[in-house]
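K.L.:
Below is coords_27.cif; it holds mmCIF, C-alpha atoms.
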```
data_coords
#
loop_
_atom_site.group_PDB
_atom_site.id
_atom_site.type_symbol
_atom_site.label_atom_id
_atom_site.label_comp_id
_atom_site.auth_asym_id
_atom_site.auth_seq_id
_atom_site.Cartn_x
_atom_site.Cartn_y
_atom_site.Cartn_z
ATOM 1 C CA MET A 312 2.768 8.549 -2.086
ATOM 2 C CA PRO A 313 5.769 10.248 -3.674
ATOM 3 C CA SER A 314 4.016 11.341 -6.824
ATOM 4 C CA ILE A 315 5.890 13.832 -8.986
ATOM 5 C CA THR A 316 9.533 14.112 -9.937
ATOM 6 C CA VAL A 317 10.415 16.862 -7.437
ATOM 7 C CA SER A 318 9.246 14.633 -4.578
ATOM 8 C CA TRP A 319 11.137 11.519 -5.680
ATOM 9 C CA ALA A 320 13.899 10.275 -3.420
ATOM 10 C CA ARG A 321 17.438 10.969 -4.589
ATOM 11 C CA PRO A 322 20.963 10.104 -3.410
ATOM 12 C CA ILE A 323 23.119 12.596 -1.518
ATOM 13 C CA ILE A 324 26.790 12.339 -2.438
ATOM 14 C CA SER A 325 28.372 15.171 -0.406
ATOM 15 C CA TYR A 326 27.791 17.094 2.812
ATOM 16 C CA GLU A 327 27.106 20.225 0.771
ATOM 17 C CA GLU A 328 24.010 18.565 -0.721
ATOM 18 C CA ILE A 329 22.411 17.739 2.643
ATOM 19 C CA PRO A 330 19.335 19.925 3.317
ATOM 20 C CA HIS A 331 20.146 22.472 6.015
ATOM 21 C CA ILE A 332 17.512 21.176 8.429
ATOM 22 C CA PHE A 333 19.392 17.853 8.742
ATOM 23 C CA THR A 334 23.016 19.036 8.915
ATOM 24 C CA GLU A 335 23.279 19.176 12.731
ATOM 25 C CA PHE A 336 22.495 15.459 12.883
ATOM 26 C CA LEU A 337 25.265 14.467 10.478
ATOM 27 C CA PRO A 338 28.743 15.307 11.744
ATOM 28 C CA GLN A 339 31.304 15.161 8.974
ATOM 29 C CA LYS A 340 33.389 12.028 9.098
ATOM 30 C CA GLU A 341 34.837 9.467 6.751
ATOM 31 C CA PRO A 342 33.783 7.392 4.999
ATOM 32 C CA PHE A 343 30.801 9.353 3.742
ATOM 33 C CA PRO A 344 27.613 7.380 4.513
ATOM 34 C CA TYR A 345 25.115 6.193 1.941
ATOM 35 C CA ILE A 346 22.351 8.827 2.109
ATOM 36 C CA ILE A 347 18.932 9.064 0.463
ATOM 37 C CA HIS A 348 16.899 12.270 0.688
ATOM 38 C CA SER A 349 13.121 11.824 0.430
ATOM 39 C CA PRO A 350 11.501 15.263 -0.044
ATOM 40 C CA PRO A 351 8.084 15.891 1.515
ATOM 41 C CA ASP A 352 5.091 15.048 -0.646
ATOM 42 C CA ARG A 353 1.822 16.940 -0.044
ATOM 43 C CA TRP A 354 -0.031 15.644 -3.103
ATOM 44 C CA GLY A 355 -2.575 12.859 -3.168
ATOM 45 C CA ASP A 356 -3.914 10.552 -0.470
ATOM 46 C CA ARG A 357 -0.585 9.475 0.982
ATOM 47 C CA ARG A 358 1.230 12.523 2.313
ATOM 48 C CA THR A 359 4.787 12.047 3.526
ATOM 49 C CA ASN A 360 7.216 14.095 5.588
ATOM 50 C CA GLY A 361 10.720 14.874 4.413
ATOM 51 C CA LYS A 362 13.183 12.159 5.410
ATOM 52 C CA LEU A 363 16.878 11.448 5.281
ATOM 53 C CA THR A 364 17.921 7.798 5.383
ATOM 54 C CA CYS A 365 21.610 7.364 6.251
ATOM 55 C CA MET A 366 23.378 4.011 6.103
ATOM 56 C CA TYR A 367 26.726 3.629 7.856
ATOM 57 C CA GLN A 368 28.867 0.510 8.159
ATOM 58 C CA ASP A 369 27.055 -0.715 11.273
ATOM 59 C CA LYS A 370 23.813 1.250 11.546
ATOM 60 C CA ILE A 371 21.005 3.057 9.764
ATOM 61 C CA VAL A 372 19.799 6.474 10.879
ATOM 62 C CA VAL A 373 16.359 7.728 9.808
ATOM 63 C CA LEU A 374 15.698 11.471 10.146
ATOM 64 C CA GLU A 375 12.145 12.765 9.662
ATOM 65 C CA VAL A 376 10.888 16.359 9.625
ATOM 66 C CA THR A 377 7.695 16.800 11.649
ATOM 67 C CA ASP A 378 5.684 19.949 12.395
ATOM 68 C CA ILE A 379 7.829 20.859 15.386
ATOM 69 C CA LYS A 380 11.199 19.153 15.059
ATOM 70 C CA VAL A 381 13.390 16.573 13.337
ATOM 71 C CA ASN A 382 12.988 13.074 14.765
ATOM 72 C CA GLU A 383 16.083 10.872 14.753
ATOM 73 C CA VAL A 384 15.895 7.072 14.951
ATOM 74 C CA CYS A 385 19.029 4.916 14.928
ATOM 75 C CA TYR A 386 18.989 1.183 14.171
ATOM 76 C CA TRP A 387 22.172 -0.764 14.748
ATOM 77 C CA PHE A 388 22.298 -3.626 12.266
ATOM 78 C CA LYS A 389 22.615 -6.153 15.081
ATOM 79 C CA ASP A 390 19.337 -4.930 16.622
ATOM 80 C CA ILE A 391 17.167 -5.114 13.467
ATOM 81 C CA ASN A 392 14.632 -7.950 13.781
ATOM 82 C CA TYR A 393 13.640 -7.951 10.126
ATOM 83 C CA ILE A 394 13.075 -5.722 7.136
ATOM 84 C CA GLU A 395 9.956 -5.471 5.012
ATOM 85 C CA GLN A 396 9.749 -4.217 1.450
ATOM 86 C CA GLY A 397 6.506 -3.562 -0.398
ATOM 87 C CA THR A 398 5.272 -2.238 -3.709
ATOM 88 C CA LEU A 399 1.842 -1.412 -5.070
ATOM 89 C CA LEU A 400 2.137 -0.033 -8.586
ATOM 90 C CA LEU A 401 4.132 3.227 -8.192
ATOM 91 C CA TYR A 402 3.840 3.265 -4.400
ATOM 92 C CA SER A 403 6.660 1.479 -2.546
ATOM 93 C CA TRP A 404 8.102 1.391 0.945
ATOM 94 C CA ILE A 405 10.563 -0.303 3.244
ATOM 95 C CA GLY A 406 9.843 -1.008 6.889
ATOM 96 C CA ILE A 407 12.697 -1.405 9.368
ATOM 97 C CA HIS A 408 11.636 -3.335 12.492
ATOM 98 C CA GLY A 409 14.105 -3.373 15.359
ATOM 99 C CA ILE A 410 14.892 -2.780 18.994
ATOM 100 C CA ILE A 411 15.986 0.623 20.321
ATOM 101 C CA ASP A 412 16.787 1.006 24.027
ATOM 102 C CA GLY A 413 14.977 -2.232 24.769
ATOM 103 C CA LYS A 414 11.765 -1.185 22.990
ATOM 104 C CA LEU A 415 10.246 -2.226 19.674
ATOM 105 C CA SER A 416 10.575 0.427 16.966
ATOM 106 C CA THR A 417 9.429 0.561 13.348
ATOM 107 C CA SER A 418 10.338 3.103 10.662
ATOM 108 C CA ILE A 419 8.474 3.250 7.359
ATOM 109 C CA ILE A 420 10.181 4.974 4.421
ATOM 110 C CA GLU A 421 7.944 5.553 1.394
ATOM 111 C CA TYR A 422 9.095 6.218 -2.150
ATOM 112 C CA ASN A 423 8.078 6.129 -5.780
ATOM 113 C CA SER A 424 8.747 2.703 -7.313
ATOM 114 C CA VAL A 425 10.760 4.382 -10.074
ATOM 115 C CA VAL A 426 13.626 4.912 -7.597
ATOM 116 C CA ALA A 427 13.417 1.456 -5.998
ATOM 117 C CA ASP A 428 17.084 0.682 -6.725
ATOM 118 C CA LEU A 429 18.148 3.324 -4.199
ATOM 119 C CA PHE A 430 16.374 1.438 -1.401
ATOM 120 C CA ASN A 431 17.175 -2.050 -2.665
ATOM 121 C CA ARG A 432 20.760 -1.341 -1.643
ATOM 122 C CA ILE A 433 19.644 -0.760 1.963
ATOM 123 C CA VAL A 434 17.505 -3.897 2.025
ATOM 124 C CA LYS A 435 20.367 -5.983 0.659
ATOM 125 C CA ALA A 436 22.869 -4.531 3.151
ATOM 126 C CA ILE A 437 20.630 -5.361 6.129
ATOM 127 C CA ARG A 438 20.040 -8.885 4.861
ATOM 128 C CA GLN A 439 23.720 -9.556 4.224
ATOM 129 C CA VAL A 440 24.633 -8.759 7.827
ATOM 130 C CA HIS A 441 23.222 -12.168 8.745
ATOM 131 C CA LEU A 442 24.488 -14.071 5.699
ATOM 132 C CA ILE A 443 27.780 -15.831 5.201
ATOM 133 C CA LEU A 444 28.148 -16.308 1.463
ATOM 134 C CA GLU A 445 29.150 -19.925 0.928
ATOM 135 C CA HIS A 446 28.241 -20.336 -2.738
ATOM 136 C CA MET A 447 28.684 -18.339 -5.898
ATOM 137 C CA ALA A 448 25.565 -17.058 -7.667
ATOM 138 C CA ASP A 449 26.041 -19.620 -10.446
ATOM 139 C CA ASP A 450 25.742 -22.403 -7.877
ATOM 140 C CA LEU A 451 22.351 -21.264 -6.572
ATOM 141 C CA ASP A 452 19.970 -24.240 -6.450
ATOM 142 C CA LEU A 453 16.379 -23.101 -7.048
ATOM 143 C CA SER A 454 14.895 -26.553 -7.607
ATOM 144 C CA LYS A 455 12.867 -26.385 -4.371
ATOM 145 C CA LEU A 456 10.943 -23.446 -5.829
ATOM 146 C CA GLU A 457 10.136 -25.226 -9.082
ATOM 147 C CA PHE A 458 6.704 -26.373 -7.847
ATOM 148 C CA LEU A 459 5.622 -22.722 -7.829
ATOM 149 C CA ASN A 460 6.224 -22.498 -11.548
ATOM 150 C CA LYS A 461 3.023 -24.486 -12.123
ATOM 151 C CA LEU A 462 0.972 -23.198 -9.169
ATOM 152 C CA ASN A 463 1.588 -19.453 -9.415
ATOM 153 C CA TYR A 464 4.080 -18.075 -11.922
ATOM 154 C CA LYS A 465 4.213 -14.624 -10.329
ATOM 155 C CA PHE A 466 5.084 -16.158 -6.964
ATOM 156 C CA TYR A 467 7.719 -18.258 -8.693
ATOM 157 C CA ASN A 468 9.367 -15.123 -10.109
ATOM 158 C CA TYR A 469 9.055 -13.189 -6.862
ATOM 159 C CA SER A 470 10.533 -16.107 -4.898
ATOM 160 C CA HIS A 471 13.332 -16.611 -7.394
ATOM 161 C CA ASP A 472 14.329 -12.946 -7.182
ATOM 162 C CA SER A 473 14.194 -12.888 -3.368
ATOM 163 C CA ILE A 474 17.091 -15.313 -2.869
ATOM 164 C CA LEU A 475 20.473 -13.661 -2.349
ATOM 165 C CA PRO A 476 23.607 -15.181 -3.861
ATOM 166 C CA GLY A 477 24.948 -17.677 -1.353
ATOM 167 C CA GLY A 478 21.536 -18.521 0.056
ATOM 168 C CA LYS A 479 20.616 -22.197 0.350
ATOM 169 C CA ILE A 480 16.909 -22.974 0.021
ATOM 170 C CA ILE A 481 15.764 -25.571 2.546
ATOM 171 C CA ASP A 482 11.992 -25.597 2.053
ATOM 172 C CA ALA A 483 9.029 -23.545 0.818
ATOM 173 C CA VAL A 484 5.294 -23.634 1.585
ATOM 174 C CA TYR A 485 2.735 -21.964 -0.678
ATOM 175 C CA GLN A 486 -0.723 -20.955 0.500
ATOM 176 C CA PRO A 487 -3.327 -19.845 -2.082
ATOM 177 C CA ASP A 488 -5.978 -17.233 -1.252
ATOM 178 C CA ILE A 489 -8.485 -18.386 1.355
ATOM 179 C CA TYR A 490 -12.039 -17.034 1.264
ATOM 180 C CA GLU A 491 -15.194 -17.770 3.205
ATOM 181 C CA LYS A 492 -18.720 -17.339 1.885
ATOM 182 C CA PHE A 493 -21.287 -15.034 3.459
ATOM 183 C CA LEU A 494 -24.795 -13.982 2.359
ATOM 184 C CA VAL A 495 -24.743 -16.750 -0.258
ATOM 185 C CA VAL A 496 -23.177 -14.775 -3.141
ATOM 186 C CA PHE A 497 -20.385 -12.912 -1.351
ATOM 187 C CA LYS A 498 -16.890 -13.852 -0.295
ATOM 188 C CA ARG A 499 -14.782 -12.542 2.557
ATOM 189 C CA THR A 500 -10.984 -12.720 2.434
ATOM 190 C CA ILE A 501 -9.419 -14.751 5.237
ATOM 191 C CA THR A 502 -5.898 -14.494 3.861
ATOM 192 C CA LEU A 503 -4.245 -13.454 0.634
ATOM 193 C CA ALA A 504 -1.944 -15.872 -1.140
ATOM 194 C CA HIS A 505 1.547 -16.091 0.331
ATOM 195 C CA VAL A 506 4.674 -18.199 0.232
ATOM 196 C CA THR A 507 7.087 -18.893 3.089
ATOM 197 C CA ILE A 508 10.655 -19.787 2.130
ATOM 198 C CA LEU A 509 13.149 -21.225 4.586
ATOM 199 C CA THR A 510 16.823 -20.790 3.686
ATOM 200 C CA ASP A 511 19.840 -21.638 5.790
ATOM 201 C CA LYS A 512 20.004 -18.014 7.029
ATOM 202 C CA GLU A 513 16.572 -16.415 6.560
ATOM 203 C CA LEU A 514 12.860 -16.938 6.600
ATOM 204 C CA ILE A 515 11.362 -15.087 3.630
ATOM 205 C CA ILE A 516 7.644 -14.326 3.497
ATOM 206 C CA ILE A 517 6.072 -13.034 0.275
ATOM 207 C CA ILE A 518 2.464 -11.847 0.078
ATOM 208 C CA ILE A 519 0.903 -10.697 -3.176
ATOM 209 C CA LYS A 520 -1.484 -7.810 -2.633
ATOM 210 C CA ASP A 521 -4.595 -7.620 -4.753
ATOM 211 C CA GLU A 522 -7.973 -5.989 -5.024
ATOM 212 C CA GLU A 523 -10.441 -7.662 -2.691
ATOM 213 C CA LEU A 524 -12.714 -10.154 -4.408
ATOM 214 C CA VAL A 525 -16.004 -8.739 -3.108
ATOM 215 C CA THR A 526 -18.412 -11.096 -4.855
ATOM 216 C CA VAL A 527 -18.241 -14.409 -6.674
ATOM 217 C CA LYS A 528 -19.692 -12.637 -9.729
ATOM 218 C CA LYS A 529 -16.451 -10.706 -10.190
ATOM 219 C CA LYS A 530 -14.422 -12.621 -12.770
ATOM 220 C CA TYR A 531 -10.996 -11.060 -12.378
ATOM 221 C CA ASN A 532 -8.605 -10.711 -9.496
ATOM 222 C CA PHE A 533 -6.013 -8.089 -10.460
ATOM 223 C CA LYS A 534 -2.618 -8.796 -8.955
ATOM 224 C CA ASN A 535 -0.671 -5.556 -8.734
ATOM 225 C CA GLY A 536 1.928 -5.618 -6.013
ATOM 226 C CA GLY A 537 3.625 -7.519 -3.259
ATOM 227 C CA VAL A 538 5.148 -7.443 0.222
ATOM 228 C CA TRP A 539 8.422 -9.162 1.126
ATOM 229 C CA ALA A 540 9.593 -9.776 4.697
ATOM 230 C CA TYR A 541 13.159 -10.945 5.328
ATOM 231 C CA ILE A 542 13.661 -12.398 8.804
ATOM 232 C CA PRO A 543 17.108 -13.643 9.879
ATOM 233 C CA LEU A 544 16.901 -17.077 11.499
ATOM 234 C CA ASP A 545 19.037 -15.934 14.418
ATOM 235 C CA LYS A 546 16.358 -13.336 15.229
ATOM 236 C CA ILE A 547 13.546 -15.896 15.479
ATOM 237 C CA ILE A 548 12.936 -16.849 19.097
ATOM 238 C CA ASN A 549 10.228 -19.408 18.414
ATOM 239 C CA MET A 550 7.880 -20.816 15.763
ATOM 240 C CA THR A 551 4.549 -22.391 16.628
ATOM 241 C CA ILE A 552 1.517 -23.756 14.767
ATOM 242 C CA ILE A 553 -1.969 -23.334 16.240
ATOM 243 C CA VAL A 554 -4.670 -25.605 14.812
ATOM 244 C CA ASN A 555 -8.278 -24.438 14.480
ATOM 245 C CA GLU A 556 -10.076 -27.648 13.569
ATOM 246 C CA LYS A 557 -13.514 -26.027 13.437
ATOM 247 C CA GLN A 558 -12.501 -23.580 10.703
ATOM 248 C CA GLY A 559 -9.955 -25.844 9.065
ATOM 249 C CA LEU A 560 -7.205 -23.251 9.507
ATOM 250 C CA LEU A 561 -3.682 -23.056 10.912
ATOM 251 C CA THR A 562 -2.055 -20.006 12.472
ATOM 252 C CA PHE A 563 1.701 -19.953 11.983
ATOM 253 C CA ILE A 564 3.281 -17.679 14.590
ATOM 254 C CA LEU A 565 6.856 -16.366 14.479
ATOM 255 C CA CYS A 566 8.214 -14.746 17.609
ATOM 256 C CA VAL A 567 11.069 -12.257 17.369
ATOM 257 C CA GLU A 568 12.223 -9.948 20.147
ATOM 258 C CA LYS A 569 9.167 -8.052 21.475
ATOM 259 C CA ASP A 570 7.181 -8.771 18.301
ATOM 260 C CA THR A 571 5.242 -11.521 16.525
ATOM 261 C CA ILE A 572 4.329 -12.252 12.918
ATOM 262 C CA SER A 573 1.274 -14.393 12.128
ATOM 263 C CA LEU A 574 0.251 -16.148 8.916
ATOM 264 C CA ILE A 575 -2.931 -18.071 8.165
ATOM 265 C CA PHE A 576 -2.750 -21.415 6.352
ATOM 266 C CA SER A 577 -5.292 -24.019 5.340
ATOM 267 C CA ASP A 578 -5.106 -27.213 7.389
ATOM 268 C CA LEU A 579 -4.198 -28.931 4.100
ATOM 269 C CA GLN A 580 -0.730 -27.397 4.620
ATOM 270 C CA GLN A 581 -0.249 -28.917 8.079
ATOM 271 C CA GLN A 582 2.278 -31.557 7.056
ATOM 272 C CA ASP A 583 4.308 -29.188 4.857
ATOM 273 C CA LEU A 584 4.290 -26.502 7.532
ATOM 274 C CA GLY A 585 5.288 -29.058 10.160
ATOM 275 C CA ASP A 586 8.195 -30.149 7.954
ATOM 276 C CA LEU A 587 9.345 -26.541 7.617
ATOM 277 C CA LEU A 588 9.193 -26.107 11.401
ATOM 278 C CA ARG A 589 11.272 -29.246 11.974
ATOM 279 C CA GLU A 590 13.848 -28.126 9.420
ATOM 280 C CA PHE A 591 14.098 -24.731 11.114
ATOM 281 C CA LYS A 592 14.750 -26.409 14.490
ATOM 282 C CA ALA A 593 17.410 -28.619 12.907
ATOM 283 C CA ILE A 594 19.241 -25.578 11.504
ATOM 284 C CA ILE A 595 19.131 -23.769 14.848
ATOM 285 C CA LYS A 596 20.346 -26.870 16.690
ATOM 286 C CA SER A 597 23.248 -27.377 14.280
ATOM 287 C CA ASP A 598 24.330 -23.745 14.753
ATOM 288 C CA ASP A 599 24.456 -24.043 18.567
#
```
Would it be possible to restate this file's structure as structure tokens?

P.N.:
Amino acid sequence: MPSITVSWARPIISYEEIPHIFTEFLPQKEPFPYIIHSPPDRWGDRRTNGKLTCMYQDKIVVLEVTDIKVNEVCYWFKDINYIEQGTLLLYSWIGIHGIIDGKLSTSIIEYNSVVADLFNRIVKAIRQVHLILEHMADDLDLSKLEFLNKLNYKFYNYSHDSILPGGKIIDAVYQPDIYEKFLVVFKRTITLAHVTILTDKELIIIIIKDEELVTVKKKYNFKNGGVWAYIPLDKIINMTIIVNEKQGLLTFILCVEKDTISLIFSDLQQQDLGDLLREFKAIIKSDD
């Protein structure tokens, strides 16, 4: 994890500031791209290589220094399946999931949470590629998230903040933590709490990370971070629900190009999840 100030990511505003090892990969041209330099971090449990994240008008290039060379990965915006953003106290990251030369590729860029605003700009830019802003921010209707205000206030805030201006919320399904008992006094986590939000342009999945509740005798469950996944609707090939009647669980499967995302729900959510699936199909049909 980027741990001390010298290893924090910082913006690059001119070609002269680019570390020499990366210069051959960045021919000078206008306009100057949005560049973040993430120095290597050799302290602590999470050790990271030096990276340069470069955002152009139509692509993102990730350069990483390894032991023997600099690896270059280029994601055209149109080929990005979805973007993930996570935070756990001071440790944060973004994950870019896309297709390169017909193959699935993922790049993880880690950073100290103090500099999150630098990477929020990249997340927002990728999301906006698939959005057509039809409403002003003042017109944003968040009433379909209001039920979360009583069920889980942190999820309510996280969900509220995840909606971009111009987004129209269609539906949302909340799933609390699911545990199963074993050895009488212990619990095993089946799934952490999560919420799935369908808008007219995206499917947003939010999972709150926590410390595992090892035993029923532990009184507190410390919530300390979260993971957000932003999936454009036009990247979703299919959605399906698999019912496991014996365990009383549902598996919600999202298929994107060469990849799948799975979420576990209680069978108590079957009707709400079915409604969300039908609404998704209606949006896709209306766009055809």

K.L.:
Have a look at A:Ala504, A:Ile517, A:Val538, A:Ala483 and name the one nearest to Thr398 in chain A; count all atoms listed in the file.

P.N.:
A:Val538

K.L.:
Let me know the residues the PyMOL selection byres ((chain A and resi 549-560) around 10) catches in the file above, as JSON, numbers by chain.

P.N.:
{"A": [489, 491, 501, 544, 546, 547, 548, 561, 562, 563, 564, 565, 566, 567, 568, 571, 572, 573, 574, 575, 576, 577, 578, 579, 580, 581, 584, 585, 588, 589, 591, 592]}

K.L.:
Kindly export the residues of the current selection with C-alpha atoms, as a compact mmCIF listing (two decimals), in the frame of the given file.

P.N.:
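Result file out07.txt:
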```
# COMPACT_ATOMS: atom_id res chain seq x y z
CA ILE A 489 -8.48 -18.39 1.36
CA GLU A 491 -15.19 -17.77 3.20
CA ILE A 501 -9.42 -14.75 5.24
CA LEU A 544 16.90 -17.08 11.50
CA LYS A 546 16.36 -13.34 15.23
CA ILE A 547 13.55 -15.90 15.48
CA ILE A 548 12.94 -16.85 19.10
CA LEU A 561 -3.68 -23.06 10.91
CA THR A 562 -2.06 -20.01 12.47
CA PHE A 563 1.70 -19.95 11.98
CA ILE A 564 3.28 -17.68 14.59
CA LEU A 565 6.86 -16.37 14.48
CA CYS A 566 8.21 -14.75 17.61
CA VAL A 567 11.07 -12.26 17.37
CA GLU A 568 12.22 -9.95 20.15
CA THR A 571 5.24 -11.52 16.52
CA ILE A 572 4.33 -12.25 12.92
CA SER A 573 1.27 -14.39 12.13
CA LEU A 574 0.25 -16.15 8.92
CA ILE A 575 -2.93 -18.07 8.16
CA PHE A 576 -2.75 -21.42 6.35
CA SER A 577 -5.29 -24.02 5.34
CA ASP A 578 -5.11 -27.21 7.39
CA LEU A 579 -4.20 -28.93 4.10
CA GLN A 580 -0.73 -27.40 4.62
CA GLN A 581 -0.25 -28.92 8.08
CA LEU A 584 4.29 -26.50 7.53
CA GLY A 585 5.29 -29.06 10.16
CA LEU A 588 9.19 -26.11 11.40
CA ARG A 589 11.27 -29.25 11.97
CA PHE A 591 14.10 -24.73 11.11
CA LYS A 592 14.75 -26.41 14.49
```

K.L.:
Check the smallest atom-to-atom distance from each of A:Thr500, A:Ser454, A:Ser318, A:Gln396 to Lys479 in chain A using all atoms listed in the file, then report the winner.

P.N.:
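Closest candidate: A:Ser454.
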
K.L.:
Excluding same-chain residues fewer than 2 positions from Leu401 in chain A, what lies within 8 Å of it counting only C-alpha atoms, as a list in words?

P.N.:
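Within the cut-off, the hits are Thr398, Leu399, Ser403, Asn423, Ser424 and Val425 of chain A.
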
K.L.:
Pick the closest to Leu475 in chain A from A:Ile594, A:Ile508, A:Leu451, A:Leu456: which is it, counting only C-alpha atoms?

P.N.:
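Answer, going by the shortest atom-to-atom distance: A:Leu451.
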
K.L.:
If the box runs along x, y and z of the file and leaves 5 Å on each side of range 535-554 of chain A, what are its centre and edge lengths in Å, one decimal, as JSON?

P.N.:
```
{"center_x": 7.2, "center_y": -15.6, "center_z": 5.2, "size_x": 33.7, "size_y": 30.0, "size_z": 37.8}
```

K.L.:
Give me the residues near Leu374 in chain A as a ChimeraX atom specification, where near means some atom within 12 Å (using only C-alpha atoms) and where sequence neighbours in that chain fewer than 4 positions away do not count.

P.N.:
/A:329-330,332-337,346-350,360-366,380-386,418-420

K.L.:
Between A:Tyr485, A:Tyr345, A:Trp404, A:Tyr490, which one has atoms that come closest to Arg432 in chain A, using all atoms listed in the file?

P.N.:
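The closest residue to Arg432 in chain A is A:Tyr345.
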
K.L.:
Please enumerate the residues selected by the PyMOL selection byres ((chain A and resi 429) around 9) when evaluated against the supplied file, formatted as a list in words.

P.N.:
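The output of the PyMOL selection byres ((chain A and resi 429) around 9) on this file is Ala320, Arg321, Pro322, Ile347, Val426, Ala427, Asp428, Phe430, Asn431, Arg432 and Ile433 of chain A.
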
K.L.:
For a quick check of understanding, using only C-alpha atoms, which of A:Phe458, A:Tyr464, A:Trp319, A:Tyr326 has the smallest distance to Tyr402 in chain A?

P.N.:
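With only C-alpha atoms as the atom set, the closest residue is A:Trp319.
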
K.L.:
Would you fill out range 370-384 of chain A with N, CA and C atoms and return it as a CSV table (one decimal), in the frame of the given file?

P.N.:
```
chain,number,residue,atom,x,y,z
A,370,LYS,N,25.1,0.7,11.1
A,370,LYS,CA,23.8,1.2,11.5
A,370,LYS,C,23.1,2.0,10.4
A,371,ILE,N,21.8,2.2,10.6
A,371,ILE,CA,21.0,3.1,9.8
A,371,ILE,C,20.3,4.1,10.6
A,372,VAL,N,20.4,5.4,10.2
A,372,VAL,CA,19.8,6.5,10.9
A,372,VAL,C,18.7,7.0,10.0
A,373,VAL,N,17.5,7.2,10.5
A,373,VAL,CA,16.4,7.7,9.8
A,373,VAL,C,16.0,9.1,10.5
A,374,LEU,N,16.1,10.1,9.7
A,374,LEU,CA,15.7,11.5,10.1
A,374,LEU,C,14.4,11.9,9.5
A,375,GLU,N,13.4,12.4,10.2
A,375,GLU,CA,12.1,12.8,9.7
A,375,GLU,C,11.7,14.1,10.2
A,376,VAL,N,11.3,15.0,9.3
A,376,VAL,CA,10.9,16.4,9.6
A,376,VAL,C,9.4,16.3,10.0
A,377,THR,N,9.1,16.7,11.2
A,377,THR,CA,7.7,16.8,11.6
A,377,THR,C,7.3,18.3,11.8
A,378,ASP,N,6.1,18.6,12.3
A,378,ASP,CA,5.7,19.9,12.4
A,378,ASP,C,6.5,20.8,13.4
A,379,ILE,N,7.1,20.1,14.3
A,379,ILE,CA,7.8,20.9,15.4
A,379,ILE,C,9.3,20.6,15.5
A,380,LYS,N,9.8,19.5,14.9
A,380,LYS,CA,11.2,19.2,15.1
A,380,LYS,C,11.6,18.1,14.0
A,381,VAL,N,12.9,17.7,14.1
A,381,VAL,CA,13.4,16.6,13.3
A,381,VAL,C,13.5,15.4,14.3
A,382,ASN,N,12.9,14.3,14.0
A,382,ASN,CA,13.0,13.1,14.8
A,382,ASN,C,14.1,12.2,14.2
A,383,GLU,N,14.9,11.7,15.1
A,383,GLU,CA,16.1,10.9,14.8
A,383,GLU,C,15.9,9.5,15.3
A,384,VAL,N,16.0,8.5,14.5
A,384,VAL,CA,15.9,7.1,15.0
A,384,VAL,C,17.1,6.3,14.4
```
